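A short worksheet on the structure shown next.
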Amino acid sequence: MKVGIIGATGYGGLELIRLLHNHQEVERIDLFTSSEEGIQFSNKYTHLLNIHDQPLKKIENDKLANYDVIFTSTPSGVSTELLPPLIGAGPKLIDLSGDFRLKDATEYEQWYKKTPASAEAVAQSVYGLTEWNEEAIQQAQLIANPGCYPTAVLLSVLPLIKENLIDASGLVIDAKSGISGAGNKPNQMTHFSETNENTAIYKIHEHQHIPEIEQAISNFAGQTAPVTFTTHLVPMTRGIITTSYAPVTSGVTEEQLINALEETYANHPFVRIIKKSNKFGTNQVYGSNFCDVHVRLDPRTNRATIVSVIDNLVKGAAGQAIQNMNVQFGLDQTSGLQQVPLFI
């Protein structure tokens, strides 16, 4: 397979290179840029010396059409113009930016503060939550790769909502992410002096992943309800942990909650249900495509506590994108994604 990556200089793009380099079906990886054409990539990122020394290429649609798959790991708003002309032109398209996730153009404008992609392009996009949308992904020309936070949240709560074990209208989600989730462009929020020894809440009731979570709950679990979702930045490089709280349906037991999760993901290799754990954290999935889920029922409050951890750059971005590519091309979902987590 011949692969092109647009936006390779960002953290998501770098992870795509790392993972695709060991993918047995990928023969060639080319990197494209709008501003640094001709620069040798390993001169920018020394860790890729003798691994990826090729120069960055200029973005040209007629040349992009010759690839089997194109990944776009660009800031929001770029893919809205870049990808529509390539739909149906040859390559499979996998967008990591978020420009095609929301089906409602008004919602996209409201939450992303940008001009939405054409209605025709959005209509053709398929939401790439692999474990829940595999059949549609197989036929897709354009995949909207899910956001990092929604991936962790949805994989943990969707089975429980779909089986009516918890009340989605009472869902409260507390989410925490490492600094890499903010991208590699420096700003005050990610400055070392601001993040070191500090945990901060941000985008209170304004995070663009709120409508994405609500849309997926409606589409996959059949329930329409607003959720309370808060995000925090913690002083670590990688990782997301989401802790969701919801009332359980009358008579529901902890065993039923666990069983629903286990049955849903019995044939999905990247979702691991942790039954018993006194310690549950982001380092158990660091550098891997796993999503680990743990659930407990508090009998005093009749509320479930549902915890999920992912590596935001792998299962939350590049890893899930490659998992979707594998599905599109009829490959084993684990191809190129069999890395053991870097626990220490």
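We name chains A, B, ... following the order of the structure tokens; residues begin at 1 in each chain, and ligands are numbered from 1 as shown.
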Surrounding residues of Ala225 in chain A excluding itself and chain neighbours under 3 positions, 10 Å, only C-alpha atoms, as a count of residues only: 11
Test item, strand (DSSP E) assignment across range 125-291 of chain A, answer as a VMD selection string: chain A and resid 125 to 127 142 to 144 172 to 177 200 to 202 228 to 233 240 to 247 271 to 273 291
I'd like the contact shell of Met236 in chain A - 9 Å cut-off, only C-alpha atoms, skipping same-chain residues fewer than 4 positions apart - returned as a compact mmCIF listing (two decimals) with C-alpha atoms, in the first residue's frame.
```
# COMPACT_ATOMS: atom_id res chain seq x y z
CA SER A 177 -5.76 14.78 29.17
CA GLY A 178 -2.02 15.08 28.78
CA ILE A 179 -0.50 18.15 27.12
CA SER A 180 0.03 16.51 23.71
CA THR A 195 1.33 23.33 33.05
CA ASN A 196 4.09 22.05 35.34
```
6 Å contact set for range 32-40 of chain A, only C-alpha atoms, chain neighbours under 6 positions out, as a count of residues only: 8
Shell around Lys92 in chain A at 7 Å using only C-alpha atoms, local window under 4 positions removed, as a PyMOL selection string: chain A and resi 68-70+141-142
Counting only C-alpha atoms, the option among A:His191, A:Lys276, A:Lys176, A:Lys113 closest to Thr230 in chain A: A:Lys176
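Atom to atom, CA of Thr46 in chain A and CA of Ser79 in chain A stand 27.9 Å apart.
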Per residue of range 116-223 of chain A within 8 Å of range 250-274 of chain A, what are the shortest atom pair and its distance in Å to one decimal, counting only C-alpha atoms, with rows by chain and residue number, as JSON lines?
```
{"residue": "A:Glu131", "atom": "CA", "partner": "A:His268", "partner_atom": "CA", "distance": 6.7}
{"residue": "A:Leu155", "atom": "CA", "partner": "A:Val271", "partner_atom": "CA", "distance": 7.9}
{"residue": "A:Ser156", "atom": "CA", "partner": "A:Leu261", "partner_atom": "CA", "distance": 7.8}
{"residue": "A:Pro159", "atom": "CA", "partner": "A:Leu261", "partner_atom": "CA", "distance": 6.0}
{"residue": "A:Leu160", "atom": "CA", "partner": "A:Ala260", "partner_atom": "CA", "distance": 6.6}
{"residue": "A:Glu163", "atom": "CA", "partner": "A:Ala260", "partner_atom": "CA", "distance": 7.5}
{"residue": "A:Leu165", "atom": "CA", "partner": "A:Val252", "partner_atom": "CA", "distance": 6.5}
```
